[in-house]
Amino acid sequence: MLEETKVLIIGGGPAGLTAGIYAARAKLDPILIAGPLPGGQLTGTSDIENFPGFPEPQEGMRLMENMQRQAERVGTKIILDEVKSLDLRRRPFSATVSSGDEYHARTIIFATGARPRMLGLPEEKEFLGRGLSTCAVCDGAFYRGKEVAVVGGGDSAMEEAGYLAKMCRKVTVIHRRSEFRASKIMVERVRAMPNVTWELDSVVTAIISDPARKGVAGVAVRNVGTGGEKQIPVAGVFLAIGHIPETGLVKGQVELDEEGYIAVNERQETNVPGFFAAGDCHDRRWRQAVTAAAFGCRAALEAERYLTREGIA
Ligand code: NAP
């Protein structure tokens with residue numbers, strides 16, 4: 001099936017859905033391909049208390065469901081499929097999804113977000129989903145009453161450690177420095193939890209297997225200051241060491257920086273006219289739900305202006 005649209009939005013997180021809300025209200029009949037993880041990274045977050053408009057903490061999943069319903073109510077057509085290929089050399093742009101359906105678009109708002117960064121240990125693949133996780137909210141319940149480790153020193157690591165400490169017997173935070181990228185308040189909250197211990201200035205050198213359970217028995221860590229090595233017995237390891245932008249689809253077609261983030265100007269324009277980017281796929285600095293939403297808004301407003309200039313809308 002081939003469908004034509006003035007605005008194709010790729011990505012169903014806060015950036016994409018906000019772009020949908022704005023484009024739909026501008027009567028541009030946007031189509032949004034929500035991707036493999038509708039709702040984006042927030043669906044794996046526990047309580048969100050920094051998204052304005054909600055005095056009480058909101059569950060990430062609930063917030064995203066509401067955002068999606070809002071986008072649909074105002075006229076965004078949401079497709080639960082994944083874009084497999086994108087051709088930006090032809091006009092209109094062309095996107096093909098897993099089902100084989102093709103979309104021709106006069107503008108694209110690319111809002112694919114980012115994926116969790118891994119440590120790069122060879123055994124990670126083997127353990128992912130079997131003792132190794134990148135999402136405490138998704139997998140924490142499997143480790144109720146057990147000992148786990150959280151790797152990282154940012155807000156995500158603190159959030160994951162705090163969440164896990166409420167259900168696990170013990171949480172060890174392993175961080176490669178002794179200073180934290182996380183905000184003070186997040187670190188203080190976790191520091192106040194009696195069952196959290198800290199391995200600072202330390203890196204994970206191996207994940208140790210438990211052959212009997214076909215899972216994880218512990219982690220090997222090295223102190224980067226002293227060079228000392230030790231093993232920490234844990235049943236689960238949670239990685240919270242940042243993200244990598246999901247920009248593989250446009251590599252070679254749009255200007256990216258050295259880490260793969262899309263280069264945009266203050267109007268969310270890329271170097272390809274009509275192709276806009278919004279959210280974590282270009283934003284390495286703020287990466288908040290509210291900033292992603294704001295980028296989505298900007299991209300939709302600029303896409304509308306572009307279409308008007310081109311005489312299409
Ligand atoms: P981040 O701020 O980039 O922190 C990543 C952490 O992982 C850093 O401590 C970094 O260490 C460490 N790290 C990176 N690569 C590593 C590696 N190969 N091995 C070991 N450690 C590694 O990422 P984030 O915590 O995911 O946060 C992303 C953004 O979301 C931030 O803007 C954050 O404020 C926001 N966020 C906010 C909340 C909230 O407010 N509720 C919750 C979660 C996230 P170094 O510090 O040494 O570089």
# chains A, B, ... in the order shown; residues from 1 in each chain; ligands from 1

call {"tool": "closest_atom_pairs", "arguments": {"of": "chain A", "to": "ligand 1", "cutoff": "6 Å", "atoms": "only C-alpha atoms and all ligand atoms", "output": "CSV"}}
result
residue,atom,partner,partner_atom_place_in_ligand_line,distance
A:Leu119,CA,ligand 1,18 (N),4.9
A:Gly152,CA,ligand 1,7 (O),4.0
A:Gly153,CA,ligand 1,9 (O),3.2
A:Gly154,CA,ligand 1,25 (O),3.5
A:Asp155,CA,ligand 1,25 (O),4.1
A:Ser156,CA,ligand 1,25 (O),3.7
A:Ala157,CA,ligand 1,25 (O),5.6
A:Glu159,CA,ligand 1,42 (C),5.9
A:Arg176,CA,ligand 1,21 (N),5.6
A:Arg177,CA,ligand 1,47 (O),5.4
A:Phe180,CA,ligand 1,46 (O),5.7
A:Arg181,CA,ligand 1,46 (O),4.8
A:Ala240,CA,ligand 1,26 (O),5.8
A:Ile241,CA,ligand 1,7 (O),3.2
A:Gly242,CA,ligand 1,23 (O),3.8
A:Trp286,CA,ligand 1,32 (O),4.9
A:Arg287,CA,ligand 1,32 (O),5.0
A:Gln288,CA,ligand 1,30 (O),5.8

call {"tool": "residues_around", "arguments": {"residues": "Pro273 (chain A)", "least_positions_apart": "4", "cutoff": "9 Å", "atoms": "only C-alpha atoms", "output": "ChimeraX atom specification"}}
result
/A:107,269,306

call {"tool": "write_last_selection", "arguments": {"atoms": "all heavy atoms", "output": "mmCIF file, in the first residue's frame"}}
result
data_model
loop_
_atom_site.group_PDB
_atom_site.id
_atom_site.type_symbol
_atom_site.label_atom_id
_atom_site.label_comp_id
_atom_site.auth_asym_id
_atom_site.auth_seq_id
_atom_site.Cartn_x
_atom_site.Cartn_y
_atom_site.Cartn_z
ATOM 1 N N THR A 107 7.238 16.421 3.872
ATOM 2 C CA THR A 107 8.201 16.724 4.950
ATOM 3 C C THR A 107 8.273 15.525 5.881
ATOM 4 O O THR A 107 7.314 14.750 5.984
ATOM 5 C CB THR A 107 7.796 17.949 5.806
ATOM 6 O OG1 THR A 107 6.571 17.635 6.480
ATOM 7 C CG2 THR A 107 7.631 19.214 4.992
ATOM 8 N N GLU A 269 15.832 22.400 11.533
ATOM 9 C CA GLU A 269 16.121 22.023 10.153
ATOM 10 C C GLU A 269 17.436 21.261 10.106
ATOM 11 O O GLU A 269 18.395 21.591 10.815
ATOM 12 C CB GLU A 269 16.262 23.275 9.278
ATOM 13 C CG GLU A 269 14.953 24.008 9.059
ATOM 14 C CD GLU A 269 15.159 25.407 8.466
ATOM 15 O OE1 GLU A 269 16.202 26.040 8.740
ATOM 16 O OE2 GLU A 269 14.270 25.859 7.743
ATOM 17 N N TYR A 306 7.536 25.584 6.126
ATOM 18 C CA TYR A 306 8.204 25.073 4.923
ATOM 19 C C TYR A 306 7.164 24.731 3.853
ATOM 20 O O TYR A 306 7.302 25.098 2.684
ATOM 21 C CB TYR A 306 9.027 23.837 5.293
ATOM 22 C CG TYR A 306 9.595 23.089 4.116
ATOM 23 C CD1 TYR A 306 10.815 23.448 3.564
ATOM 24 C CD2 TYR A 306 8.893 22.018 3.551
ATOM 25 C CE1 TYR A 306 11.336 22.761 2.472
ATOM 26 C CE2 TYR A 306 9.402 21.330 2.461
ATOM 27 C CZ TYR A 306 10.617 21.699 1.925
ATOM 28 O OH TYR A 306 11.128 21.019 0.844
#

call {"tool": "residues_around", "arguments": {"residues": "Val237 (chain A)", "least_positions_apart": "6", "cutoff": "7 Å", "atoms": "only C-alpha atoms", "output": "ChimeraX atom specification"}}
result
/A:131-133,148-150

call {"tool": "residues_around", "arguments": {"residues": "Glu123 (chain A)", "least_positions_apart": "5", "cutoff": "12 Å", "atoms": "only C-alpha atoms", "output": "count of residues only"}}
result
14

call {"tool": "closest_atom_pairs", "arguments": {"of": "region 158-225 of chain A", "to": "region 39-48 of chain A", "cutoff": "12 Å", "atoms": "only C-alpha atoms", "output": "tab-separated table"}}
result
residue	atom	partner	partner_atom	distance
A:Glu159	CA	A:Ser46	CA	8.4
A:Glu160	CA	A:Ser46	CA	8.8
A:Ala161	CA	A:Ser46	CA	11.8
A:Gly162	CA	A:Ser46	CA	10.4
A:Tyr163	CA	A:Ser46	CA	7.8
A:Leu164	CA	A:Ser46	CA	10.8

call {"tool": "write_last_selection", "arguments": {"atoms": "C-alpha atoms", "output": "PDB file, in the first residue's frame"}}
result
ATOM      1  CA  GLU A 159      16.619   6.717  39.512  1.00  0.00           C
ATOM      2  CA  GLU A 160      17.202   3.029  38.823  1.00  0.00           C
ATOM      3  CA  ALA A 161      19.102   2.514  42.098  1.00  0.00           C
ATOM      4  CA  GLY A 162      16.345   4.246  44.085  1.00  0.00           C
ATOM      5  CA  TYR A 163      13.654   2.214  42.393  1.00  0.00           C
ATOM      6  CA  LEU A 164      15.467  -1.087  42.889  1.00  0.00           C
TER       7      LEU A 164
END

call {"tool": "closest_atom_pairs", "arguments": {"of": "region 225-304 of chain A", "to": "region 27-33 of chain A", "cutoff": "12 Å", "atoms": "only C-alpha atoms", "output": "Markdown table"}}
result
| residue | atom | partner | partner_atom | distance |
| --- | --- | --- | --- | --- |
| A:Ala300 | CA | A:Leu28 | CA | 9.6 |
| A:Leu301 | CA | A:Leu28 | CA | 10.8 |
| A:Ala303 | CA | A:Leu28 | CA | 9.7 |
| A:Glu304 | CA | A:Leu28 | CA | 7.8 |

call {"tool": "write_last_selection", "arguments": {"atoms": "N, CA, C and O atoms", "output": "mmCIF file, in the first residue's frame"}}
result
data_model
loop_
_atom_site.group_PDB
_atom_site.id
_atom_site.type_symbol
_atom_site.label_atom_id
_atom_site.label_comp_id
_atom_site.auth_asym_id
_atom_site.auth_seq_id
_atom_site.Cartn_x
_atom_site.Cartn_y
_atom_site.Cartn_z
ATOM 1 N N ALA A 300 7.288 20.874 14.122
ATOM 2 C CA ALA A 300 5.990 20.894 13.432
ATOM 3 C C ALA A 300 5.678 22.296 12.924
ATOM 4 O O ALA A 300 5.196 22.466 11.796
ATOM 5 N N LEU A 301 5.966 23.307 13.732
ATOM 6 C CA LEU A 301 5.703 24.692 13.298
ATOM 7 C C LEU A 301 6.565 25.032 12.076
ATOM 8 O O LEU A 301 6.105 25.676 11.134
ATOM 9 N N ALA A 303 7.858 22.833 9.942
ATOM 10 C CA ALA A 303 7.414 22.021 8.792
ATOM 11 C C ALA A 303 6.227 22.719 8.119
ATOM 12 O O ALA A 303 6.149 22.784 6.888
ATOM 13 N N GLU A 304 5.341 23.266 8.937
ATOM 14 C CA GLU A 304 4.179 23.983 8.380
ATOM 15 C C GLU A 304 4.661 25.186 7.551
ATOM 16 O O GLU A 304 4.188 25.416 6.432
#

call {"tool": "residues_around", "arguments": {"residues": "region 189-201 of chain A", "least_positions_apart": "3", "cutoff": "6 Å", "atoms": "only C-alpha atoms", "output": "list in words"}}
result
Gly162, Lys170, Val171, Thr172, Val173, Ile174, His175, Arg176, Arg177, Ser178, Met186, Asn223 and Val224 of chain A

call {"tool": "write_last_selection", "arguments": {"atoms": "C-alpha atoms", "output": "compact mmCIF listing (two decimals), in the first residue's frame"}}
result
# COMPACT_ATOMS: atom_id res chain seq x y z
CA GLY A 162 16.35 4.25 44.08
CA LYS A 170 20.87 -4.71 48.38
CA VAL A 171 21.83 -2.39 45.51
CA THR A 172 25.46 -1.65 44.64
CA VAL A 173 26.02 1.43 42.51
CA ILE A 174 29.15 1.07 40.39
CA HIS A 175 30.42 4.32 38.92
CA ARG A 176 33.68 5.02 37.12
CA ARG A 177 34.29 8.32 38.94
CA SER A 178 33.72 9.60 42.47
CA MET A 186 18.84 12.47 43.13
CA ASN A 223 39.13 0.23 41.01
CA VAL A 224 40.64 2.69 38.53

call {"tool": "select_by_dssp", "arguments": {"residues": "region 24-247 of chain A", "states": "strand (DSSP E or B)", "output": "PyMOL selection string"}}
result
chain A and resi 31-33+47-48+58-59+77-79+83-87+93-97+102-110+114-116+128+132-133+147-151+170-174+196-199+202-210+215-223+229-233+236-239+243-245

call {"tool": "closest_residue", "arguments": {"among": "A:Gly100, A:Phe142, A:Asn50, A:Glu147", "to": "Ala165 (chain A)", "atoms": "only C-alpha atoms"}}
result
A:Glu147

call {"tool": "residues_around", "arguments": {"residues": "region 252-264 of chain A", "least_positions_apart": "4", "cutoff": "10 Å", "atoms": "only C-alpha atoms", "output": "JSON list (two decimals) with N, CA and C atoms, in the first residue's frame"}}
result
[["chain", "number", "residue", "atom", "x", "y", "z"],
["A", 86, "LEU", "N", 14.53, 4.53, 4.38],
["A", 86, "LEU", "CA", 14.13, 5.91, 4.16],
["A", 86, "LEU", "C", 14.94, 6.43, 3.00],
["A", 87, "ASP", "N", 14.27, 7.03, 2.03],
["A", 87, "ASP", "CA", 15.01, 7.60, 0.89],
["A", 87, "ASP", "C", 14.76, 9.10, 0.87],
["A", 88, "LEU", "N", 15.79, 9.85, 1.22],
["A", 88, "LEU", "CA", 15.66, 11.31, 1.28],
["A", 88, "LEU", "C", 16.20, 11.96, 0.01],
["A", 89, "ARG", "N", 16.68, 11.14, -0.93],
["A", 89, "ARG", "CA", 17.24, 11.71, -2.16],
["A", 89, "ARG", "C", 16.13, 12.03, -3.15],
["A", 110, "PHE", "N", 11.79, 13.72, 12.07],
["A", 110, "PHE", "CA", 12.49, 12.52, 12.52],
["A", 110, "PHE", "C", 12.68, 12.63, 14.03],
["A", 113, "GLY", "N", 14.63, 9.22, 18.75],
["A", 113, "GLY", "CA", 15.17, 9.07, 20.10],
["A", 113, "GLY", "C", 16.54, 8.43, 20.15],
["A", 114, "ALA", "N", 16.76, 7.69, 21.22],
["A", 114, "ALA", "CA", 18.08, 7.10, 21.47],
["A", 114, "ALA", "C", 17.90, 5.74, 22.14],
["A", 244, "ILE", "N", 22.59, 6.16, 22.96],
["A", 244, "ILE", "CA", 23.16, 6.39, 21.63],
["A", 244, "ILE", "C", 22.01, 6.79, 20.70],
["A", 245, "PRO", "N", 22.16, 7.86, 19.93],
["A", 245, "PRO", "CA", 21.05, 8.31, 19.09],
["A", 245, "PRO", "C", 20.68, 7.28, 18.02],
["A", 246, "GLU", "N", 19.38, 7.13, 17.79],
["A", 246, "GLU", "CA", 18.87, 6.16, 16.80],
["A", 246, "GLU", "C", 18.82, 6.82, 15.43],
["A", 247, "THR", "N", 19.96, 6.91, 14.79],
["A", 247, "THR", "CA", 20.00, 7.66, 13.53],
["A", 247, "THR", "C", 20.54, 6.82, 12.36],
["A", 248, "GLY", "N", 20.60, 5.51, 12.55],
["A", 248, "GLY", "CA", 21.12, 4.62, 11.51],
["A", 248, "GLY", "C", 20.38, 4.77, 10.18],
["A", 268, "GLN", "N", 15.14, 23.45, 13.94],
["A", 268, "GLN", "CA", 15.05, 21.98, 13.81],
["A", 268, "GLN", "C", 15.29, 21.52, 12.39],
["A", 269, "GLU", "N", 15.83, 22.40, 11.53],
["A", 269, "GLU", "CA", 16.12, 22.02, 10.15],
["A", 269, "GLU", "C", 17.44, 21.26, 10.11],
["A", 270, "THR", "N", 17.49, 20.25, 9.23],
["A", 270, "THR", "CA", 18.74, 19.54, 8.98],
["A", 270, "THR", "C", 19.33, 20.13, 7.68],
["A", 271, "ASN", "N", 20.37, 19.50, 7.18],
["A", 271, "ASN", "CA", 20.92, 20.01, 5.91],
["A", 271, "ASN", "C", 20.08, 19.57, 4.70],
["A", 272, "VAL", "N", 19.03, 18.76, 4.94],
["A", 272, "VAL", "CA", 18.14, 18.35, 3.86],
["A", 272, "VAL", "C", 16.83, 19.14, 3.98],
["A", 275, "PHE", "N", 13.37, 18.06, 5.77],
["A", 275, "PHE", "CA", 13.62, 16.98, 6.73],
["A", 275, "PHE", "C", 14.06, 17.60, 8.06],
["A", 276, "PHE", "N", 13.19, 17.45, 9.06],
["A", 276, "PHE", "CA", 13.42, 18.07, 10.37],
["A", 276, "PHE", "C", 13.74, 16.97, 11.39],
["A", 277, "ALA", "N", 14.45, 17.33, 12.44],
["A", 277, "ALA", "CA", 14.70, 16.36, 13.51],
["A", 277, "ALA", "C", 14.29, 16.96, 14.84],
["A", 278, "ALA", "N", 13.82, 16.11, 15.75],
["A", 278, "ALA", "CA", 13.35, 16.58, 17.06],
["A", 278, "ALA", "C", 13.61, 15.55, 18.14],
["A", 279, "GLY", "N", 14.14, 16.01, 19.27],
["A", 279, "GLY", "CA", 14.29, 15.14, 20.43],
["A", 279, "GLY", "C", 15.68, 14.52, 20.57],
["A", 280, "ASP", "N", 15.73, 13.37, 21.24],
["A", 280, "ASP", "CA", 17.03, 12.78, 21.61],
["A", 280, "ASP", "C", 17.89, 12.37, 20.41],
["A", 281, "CYS", "N", 17.31, 12.28, 19.21],
["A", 281, "CYS", "CA", 18.14, 11.91, 18.04],
["A", 281, "CYS", "C", 19.06, 13.06, 17.65],
["A", 282, "HIS", "N", 18.78, 14.27, 18.14],
["A", 282, "HIS", "CA", 19.72, 15.37, 17.88],
["A", 282, "HIS", "C", 20.19, 16.06, 19.16],
["A", 283, "ASP", "N", 19.46, 15.83, 20.26],
["A", 283, "ASP", "CA", 19.73, 16.58, 21.49],
["A", 283, "ASP", "C", 20.58, 15.76, 22.45],
["A", 284, "ARG", "N", 21.83, 16.10, 22.56],
["A", 284, "ARG", "CA", 22.70, 15.38, 23.49],
["A", 284, "ARG", "C", 22.77, 16.11, 24.84]]

call {"tool": "closest_residue", "arguments": {"among": "A:Leu239, A:Cys297, A:Met158, A:Ile10", "to": "Ile78 (chain A)", "atoms": "only C-alpha atoms"}}
result
A:Ile10
